[in-house]
Amino acid sequence: MNVPSAESAVLQLLDGERIRTLLFAYAFHLDMNHPAQLASLFTEDCEVVYGPGFGAVGRPAYEKTLSGIGAFFEATSHHVSNIVIDFTGPDEAQVRSVLYAWHRYRRERPDGHLWGQYHDIVIRTAGVWQFKRRELRTTGVKDFHVKEMIPIGRA
Amino acid sequence: MNVPSAESAVLQLLDGERIRTLLFAYAFHLDMNHPAQLASLFTEDCEVVYGPGFGAVGRPAYEKTLSGIGAFFEATSHHVSNIVIDFTGPDEAQVRSVLYAWHRYRRERPDGHLWGQYHDIVIRTAGVWQFKRRELRTTGVKDFHVKEMIPIGRA
Amino acid sequence: MNVPSAESAVLQLLDGERIRTLLFAYAFHLDMNHPAQLASLFTEDCEVVYGPGFGAVGRPAYEKTLSGIGAFFEATSHHVSNIVIDFTGPDEAQVRSVLYAWHRYRRERPDGHLWGQYHDIVIRTAGVWQFKRRELRTTGVKDFHVKEMIPIGRA
């Protein structure tokens with residue numbers, strides 16, 4: 001194992017906190033229906049992949065994707081845990097986390113549940129960590145409105 | 001961004017660990033039905049807000065609120081994630097987290113589920129972090145016995 | 001409270017990250033159905049206790065226990081939060097965490113849910129943290145195939 005100096009270890013621990021905060025800000029603004037704040041968490045050239053044929057390249061396209069979500073759900077709750085951060089450089093990291101998401105629809109139908117994984121690439125630009133790439137892989141769903149998802153690749 | 005010195009950064013990282021441990025101790029003692037240990041996590045002048053008209057001011061009043069809970073539930077499980085700590089001073093922080101709570105009742109009725117947010121003010125007194133204020137906001141519930149909750153304020 | 005030196009504090013914070021990563025690796029490889037990688041997270045003389053009369057002593061016995069799991073579930077999702085690490089030495093810690101696990105069966109039956117606690121002893125051998133002992137205690141289940149579990153000991 002690469003043992004960092006005490007000082008660089010502290011910097012990396014602080015970056016870990018900031019990156020986790022980024023993931024939690026995403027969940028918060030999604031559940032609060034704050035599309036502008038959500039989009040600001042992504043780089044201009046971001047790539048977001050929610051499913052096969054469902055996602056966006058570039059922040060403007062992503063903002064468009066978000067615009068329909070607010071009216072679709074009555075409420076959502078995104079619970080992010082199991083966060084593993086793998087630094088690939090001083091300003092870049094790969095991040096894997098686990099998601100449990102609950103969805104209440106505006107239409108009369110049962111609540112939707114999703115259990116999945118986020119696979120992210122995050123980078124630091126001008127001192128701020130942002131999502132460069134976010135991919136949602138789905139372990140399973142119950143009463144969810146989306147039918148085609150990216151599988152986690154269980155053996 | 002305010003870049004702290006290495007030493008003060010370490011102190012803040014340690015405080016972050018202690019504050020998270022406080023949140024987890026609350027969940028643990030609630031699920032274990034340990035009202036005395038629960039109450040000890042709060043300051044003497046604490047304010048606890050579980051809903052409109054449901055809460056307590058001061059630790060003695062909070063202990064009274066807790067006394068009925070043990071007999072009401074057969075079991076509960078509180079899952080706390082998405083913790084964001086915002087230090088407002090060396091001995092004070094605002095904390096936001098996300099809760100998924102499962103409840104099994106003693107009475108014959110379906111399990112209750114709650115998805116919500118905790119909004120806390122924590123302070124350090126004599127070296128120990130405690131809740132000064134804890135507010136539960138509710139994103140949604142399913143088969144839960146409480147009907148009136150504080151909403152998260154989704155846009 | 002024992003206040004560590006800045007340097008030893010940093011080492012302990014780093015160890016905390018590594019131990020959490022160990023818990024998350026367990027959940028990941030379980031959900032991905034990677035029995036060999038799962039077993040590698042345990043010491044040779046490990047003890048795994050999933051329930052009364054269900055568990056294993058020693059890594060070979062544990063690997064045997066794992067072999068049937070892949071075929072039994074269509075999918076699982078393990079969400080680990082509320083992690084509290086108590087260092088009992090420079091290379092040993094007791095760890096308590098909370099689990100929400102969702103299970104989809106291959107057989108036609110409702111999804112199984114488990115809410116519980118992990119109680120672990122982790123040790124560092126040759127620089128790597130591993131589980132020496134892992135015990136699952138169960139707060140409650142819904143439509144789960146296992147009937148006898150170790151209770152959390154709610155008062």
# chains A, B, ... in the order shown; residues from 1 in each chain; ligands from 1
>>> interface_residues(of="chain C", to="chain B", cutoff="6 Å", atoms="only C-alpha atoms", output="list in words")
Asn82, Arg154 and Ala155 of chain C
>>> write_last_selection(atoms="all heavy atoms", output="PDB file, in the first residue's frame")
ATOM      1  N   ASN C  82     -24.182   4.036   9.456  1.00  0.00           N
ATOM      2  CA  ASN C  82     -24.064   4.131  10.923  1.00  0.00           C
ATOM      3  C   ASN C  82     -22.826   3.409  11.446  1.00  0.00           C
ATOM      4  O   ASN C  82     -22.883   2.717  12.468  1.00  0.00           O
ATOM      5  CB  ASN C  82     -25.304   3.540  11.612  1.00  0.00           C
ATOM      6  CG  ASN C  82     -26.616   4.166  11.171  1.00  0.00           C
ATOM      7  OD1 ASN C  82     -26.754   4.606  10.034  1.00  0.00           O
ATOM      8  ND2 ASN C  82     -27.579   4.212  12.067  1.00  0.00           N
ATOM      9  N   ARG C 154     -32.901  -5.814  21.914  1.00  0.00           N
ATOM     10  CA  ARG C 154     -33.642  -4.612  22.273  1.00  0.00           C
ATOM     11  C   ARG C 154     -34.202  -4.724  23.687  1.00  0.00           C
ATOM     12  O   ARG C 154     -34.776  -5.751  24.039  1.00  0.00           O
ATOM     13  CB  ARG C 154     -34.785  -4.412  21.270  1.00  0.00           C
ATOM     14  CG  ARG C 154     -35.486  -3.081  21.384  1.00  0.00           C
ATOM     15  CD  ARG C 154     -36.490  -2.939  20.236  1.00  0.00           C
ATOM     16  NE  ARG C 154     -36.978  -1.570  20.137  1.00  0.00           N
ATOM     17  CZ  ARG C 154     -38.088  -1.125  20.715  1.00  0.00           C
ATOM     18  NH1 ARG C 154     -38.819  -1.939  21.427  1.00  0.00           N
ATOM     19  NH2 ARG C 154     -38.445   0.130  20.569  1.00  0.00           N
ATOM     20  N   ALA C 155     -34.025  -3.652  24.452  1.00  0.00           N
ATOM     21  CA  ALA C 155     -34.481  -3.682  25.851  1.00  0.00           C
ATOM     22  C   ALA C 155     -36.008  -3.683  25.923  1.00  0.00           C
ATOM     23  O   ALA C 155     -36.668  -3.201  25.008  1.00  0.00           O
ATOM     24  CB  ALA C 155     -33.918  -2.499  26.604  1.00  0.00           C
TER      25      ALA C 155
END
>>> select_by_dssp(residues="chain A", states="helix (DSSP H, G or I)", output="ChimeraX atom specification")
/A:6-31,35-39,59-67,69-72
>>> atom_distance(atom1="CA of Val48 in chain C", atom2="CA of Asp15 in chain C")
22.2 Å
>>> residues_around(residues="Leu136 in chain B", least_positions_apart="4", cutoff="6 Å", atoms="only C-alpha atoms", output="ChimeraX atom specification")
/B:50,117-118
>>> write_last_selection(atoms="all heavy atoms", output="PDB file, in the first residue's frame")
ATOM      1  N   TYR B  50     -40.036  16.740  16.433  1.00  0.00           N
ATOM      2  CA  TYR B  50     -40.340  15.584  15.587  1.00  0.00           C
ATOM      3  C   TYR B  50     -41.483  15.870  14.617  1.00  0.00           C
ATOM      4  O   TYR B  50     -41.664  15.165  13.632  1.00  0.00           O
ATOM      5  CB  TYR B  50     -40.698  14.374  16.456  1.00  0.00           C
ATOM      6  CG  TYR B  50     -39.516  13.730  17.152  1.00  0.00           C
ATOM      7  CD1 TYR B  50     -39.583  13.337  18.481  1.00  0.00           C
ATOM      8  CD2 TYR B  50     -38.323  13.491  16.469  1.00  0.00           C
ATOM      9  CE1 TYR B  50     -38.504  12.727  19.123  1.00  0.00           C
ATOM     10  CE2 TYR B  50     -37.243  12.896  17.102  1.00  0.00           C
ATOM     11  CZ  TYR B  50     -37.339  12.515  18.423  1.00  0.00           C
ATOM     12  OH  TYR B  50     -36.276  11.917  19.052  1.00  0.00           O
ATOM     13  N   GLN B 117     -35.322  13.741   6.621  1.00  0.00           N
ATOM     14  CA  GLN B 117     -34.060  14.461   6.838  1.00  0.00           C
ATOM     15  C   GLN B 117     -33.986  14.888   8.306  1.00  0.00           C
ATOM     16  O   GLN B 117     -34.969  15.354   8.873  1.00  0.00           O
ATOM     17  CB  GLN B 117     -34.000  15.742   5.986  1.00  0.00           C
ATOM     18  CG  GLN B 117     -34.025  15.543   4.506  1.00  0.00           C
ATOM     19  CD  GLN B 117     -34.158  16.867   3.735  1.00  0.00           C
ATOM     20  OE1 GLN B 117     -34.294  17.943   4.325  1.00  0.00           O
ATOM     21  NE2 GLN B 117     -34.130  16.768   2.416  1.00  0.00           N
ATOM     22  N   TYR B 118     -32.792  14.769   8.888  1.00  0.00           N
ATOM     23  CA  TYR B 118     -32.528  15.393  10.172  1.00  0.00           C
ATOM     24  C   TYR B 118     -31.785  16.708   9.921  1.00  0.00           C
ATOM     25  O   TYR B 118     -30.853  16.755   9.103  1.00  0.00           O
ATOM     26  CB  TYR B 118     -31.629  14.517  11.047  1.00  0.00           C
ATOM     27  CG  TYR B 118     -32.286  13.318  11.670  1.00  0.00           C
ATOM     28  CD1 TYR B 118     -31.829  12.032  11.408  1.00  0.00           C
ATOM     29  CD2 TYR B 118     -33.340  13.451  12.568  1.00  0.00           C
ATOM     30  CE1 TYR B 118     -32.402  10.915  12.011  1.00  0.00           C
ATOM     31  CE2 TYR B 118     -33.922  12.338  13.170  1.00  0.00           C
ATOM     32  CZ  TYR B 118     -33.443  11.081  12.885  1.00  0.00           C
ATOM     33  OH  TYR B 118     -34.003   9.980  13.484  1.00  0.00           O
TER      34      TYR B 118
END
>>> residues_around(residues="Asp91 in chain A", least_positions_apart="3", cutoff="8 Å", atoms="only C-alpha atoms", output="ChimeraX atom specification")
/A:88,123-125
>>> write_last_selection(atoms="N, CA, C and O atoms", output="PDB file, in the first residue's frame")
ATOM      1  N   THR A  88      -7.330   8.974  -8.582  1.00  0.00           N
ATOM      2  CA  THR A  88      -6.531   8.645  -9.763  1.00  0.00           C
ATOM      3  C   THR A  88      -5.597   9.793 -10.112  1.00  0.00           C
ATOM      4  O   THR A  88      -4.897   9.733 -11.117  1.00  0.00           O
ATOM      5  N   ILE A 123     -13.949  15.384 -10.699  1.00  0.00           N
ATOM      6  CA  ILE A 123     -12.708  16.144 -10.874  1.00  0.00           C
ATOM      7  C   ILE A 123     -12.820  17.477 -10.142  1.00  0.00           C
ATOM      8  O   ILE A 123     -13.921  17.974  -9.888  1.00  0.00           O
ATOM      9  N   ARG A 124     -11.647  18.029  -9.832  1.00  0.00           N
ATOM     10  CA  ARG A 124     -11.608  19.325  -9.172  1.00  0.00           C
ATOM     11  C   ARG A 124     -11.238  20.381 -10.201  1.00  0.00           C
ATOM     12  O   ARG A 124     -10.213  20.279 -10.873  1.00  0.00           O
ATOM     13  N   THR A 125     -12.092  21.374 -10.329  1.00  0.00           N
ATOM     14  CA  THR A 125     -11.838  22.496 -11.230  1.00  0.00           C
ATOM     15  C   THR A 125     -11.922  23.774 -10.417  1.00  0.00           C
ATOM     16  O   THR A 125     -12.941  24.006  -9.760  1.00  0.00           O
TER      17      THR A 125
END
>>> closest_residue(among="B:Val122, B:Leu38, B:Val95, B:Ile19", to="Lys64 in chain B", atoms="only C-alpha atoms")
B:Leu38
>>> residues_around(residues="Gly58 in chain C", least_positions_apart="2", cutoff="7 Å", atoms="only C-alpha atoms", output="list in words")
Glu44, Asp45, Cys46, Glu47, Ala56, Pro60, Ala61 and Tyr62 of chain C
>>> residues_around(residues="Gly51 in chain A", least_positions_apart="6", cutoff="12 Å", atoms="only C-alpha atoms", output="JSON, numbers by chain")
{"A": [116, 118, 134, 135, 136, 137, 138, 146, 147, 148, 149, 150, 151, 152]}
>>> select_by_dssp(residues="chain A", states="strand (DSSP E or B)", output="ChimeraX atom specification")
/A:42-51,54-57,73-89,92-105,112-125,128-142,151
>>> decode(residues="range 3-34 of chain B", atoms="N, CA and C atoms", output="JSON list (two decimals), in the first residue's frame")
[["chain", "number", "residue", "atom", "x", "y", "z"],
["B", 3, "VAL", "N", -9.00, 27.29, 3.22],
["B", 3, "VAL", "CA", -8.11, 26.14, 3.40],
["B", 3, "VAL", "C", -7.49, 26.21, 4.80],
["B", 4, "PRO", "N", -7.85, 25.27, 5.66],
["B", 4, "PRO", "CA", -7.34, 25.32, 7.02],
["B", 4, "PRO", "C", -5.89, 24.83, 7.07],
["B", 5, "SER", "N", -5.19, 25.17, 8.13],
["B", 5, "SER", "CA", -3.86, 24.62, 8.35],
["B", 5, "SER", "C", -4.00, 23.12, 8.54],
["B", 6, "ALA", "N", -2.87, 22.39, 8.32],
["B", 6, "ALA", "CA", -2.92, 20.93, 8.43],
["B", 6, "ALA", "C", -3.42, 20.53, 9.82],
["B", 7, "GLU", "N", -2.94, 21.23, 10.82],
["B", 7, "GLU", "CA", -3.30, 20.82, 12.18],
["B", 7, "GLU", "C", -4.77, 21.06, 12.48],
["B", 8, "SER", "N", -5.27, 22.24, 12.10],
["B", 8, "SER", "CA", -6.68, 22.51, 12.37],
["B", 8, "SER", "C", -7.56, 21.63, 11.48],
["B", 9, "ALA", "N", -7.04, 21.26, 10.30],
["B", 9, "ALA", "CA", -7.79, 20.34, 9.44],
["B", 9, "ALA", "C", -7.96, 18.99, 10.12],
["B", 10, "VAL", "N", -6.90, 18.52, 10.76],
["B", 10, "VAL", "CA", -6.97, 17.23, 11.45],
["B", 10, "VAL", "C", -7.99, 17.30, 12.58],
["B", 11, "LEU", "N", -7.95, 18.40, 13.33],
["B", 11, "LEU", "CA", -8.91, 18.54, 14.42],
["B", 11, "LEU", "C", -10.34, 18.52, 13.90],
["B", 12, "GLN", "N", -10.56, 19.18, 12.76],
["B", 12, "GLN", "CA", -11.90, 19.22, 12.21],
["B", 12, "GLN", "C", -12.33, 17.84, 11.66],
["B", 13, "LEU", "N", -11.39, 17.12, 11.08],
["B", 13, "LEU", "CA", -11.71, 15.77, 10.62],
["B", 13, "LEU", "C", -12.08, 14.88, 11.80],
["B", 14, "LEU", "N", -11.34, 15.01, 12.90],
["B", 14, "LEU", "CA", -11.66, 14.23, 14.10],
["B", 14, "LEU", "C", -13.03, 14.63, 14.64],
["B", 15, "ASP", "N", -13.31, 15.92, 14.64],
["B", 15, "ASP", "CA", -14.63, 16.36, 15.11],
["B", 15, "ASP", "C", -15.74, 15.82, 14.20],
["B", 16, "GLY", "N", -15.46, 15.77, 12.91],
["B", 16, "GLY", "CA", -16.44, 15.18, 11.99],
["B", 16, "GLY", "C", -16.75, 13.74, 12.38],
["B", 17, "GLU", "N", -15.70, 12.97, 12.69],
["B", 17, "GLU", "CA", -15.91, 11.58, 13.12],
["B", 17, "GLU", "C", -16.77, 11.53, 14.39],
["B", 18, "ARG", "N", -16.48, 12.41, 15.32],
["B", 18, "ARG", "CA", -17.20, 12.39, 16.60],
["B", 18, "ARG", "C", -18.67, 12.78, 16.41],
["B", 19, "ILE", "N", -18.91, 13.73, 15.53],
["B", 19, "ILE", "CA", -20.28, 14.17, 15.29],
["B", 19, "ILE", "C", -21.07, 13.07, 14.58],
["B", 20, "ARG", "N", -20.45, 12.42, 13.61],
["B", 20, "ARG", "CA", -21.13, 11.28, 12.98],
["B", 20, "ARG", "C", -21.43, 10.19, 14.01],
["B", 21, "THR", "N", -20.47, 9.95, 14.89],
["B", 21, "THR", "CA", -20.67, 8.94, 15.93],
["B", 21, "THR", "C", -21.85, 9.32, 16.83],
["B", 22, "LEU", "N", -22.02, 10.61, 17.09],
["B", 22, "LEU", "CA", -23.18, 11.09, 17.86],
["B", 22, "LEU", "C", -24.48, 10.73, 17.15],
["B", 23, "LEU", "N", -24.54, 10.99, 15.85],
["B", 23, "LEU", "CA", -25.75, 10.67, 15.09],
["B", 23, "LEU", "C", -26.02, 9.16, 15.12],
["B", 24, "PHE", "N", -24.95, 8.37, 15.05],
["B", 24, "PHE", "CA", -25.12, 6.91, 15.02],
["B", 24, "PHE", "C", -25.49, 6.38, 16.41],
["B", 25, "ALA", "N", -24.98, 7.04, 17.45],
["B", 25, "ALA", "CA", -25.34, 6.64, 18.82],
["B", 25, "ALA", "C", -26.83, 6.87, 19.05],
["B", 26, "TYR", "N", -27.34, 7.98, 18.53],
["B", 26, "TYR", "CA", -28.78, 8.26, 18.64],
["B", 26, "TYR", "C", -29.58, 7.13, 18.01],
["B", 27, "ALA", "N", -29.25, 6.77, 16.78],
["B", 27, "ALA", "CA", -29.97, 5.71, 16.07],
["B", 27, "ALA", "C", -29.86, 4.39, 16.83],
["B", 28, "PHE", "N", -28.66, 4.10, 17.32],
["B", 28, "PHE", "CA", -28.44, 2.83, 18.03],
["B", 28, "PHE", "C", -29.28, 2.75, 19.30],
["B", 29, "HIS", "N", -29.23, 3.77, 20.12],
["B", 29, "HIS", "CA", -29.96, 3.71, 21.38],
["B", 29, "HIS", "C", -31.47, 3.79, 21.17],
["B", 30, "LEU", "N", -31.89, 4.43, 20.10],
["B", 30, "LEU", "CA", -33.32, 4.42, 19.76],
["B", 30, "LEU", "C", -33.76, 3.00, 19.39],
["B", 31, "ASP", "N", -32.98, 2.35, 18.52],
["B", 31, "ASP", "CA", -33.34, 0.99, 18.09],
["B", 31, "ASP", "C", -33.21, -0.02, 19.23],
["B", 32, "MET", "N", -32.31, 0.25, 20.17],
["B", 32, "MET", "CA", -32.10, -0.66, 21.31],
["B", 32, "MET", "C", -33.06, -0.35, 22.46],
["B", 33, "ASN", "N", -33.83, 0.72, 22.33],
["B", 33, "ASN", "CA", -34.74, 1.15, 23.40],
["B", 33, "ASN", "C", -33.98, 1.46, 24.69],
["B", 34, "HIS", "N", -33.04, 2.35, 24.59],
["B", 34, "HIS", "CA", -32.24, 2.83, 25.72],
["B", 34, "HIS", "C", -32.55, 4.31, 25.96]]
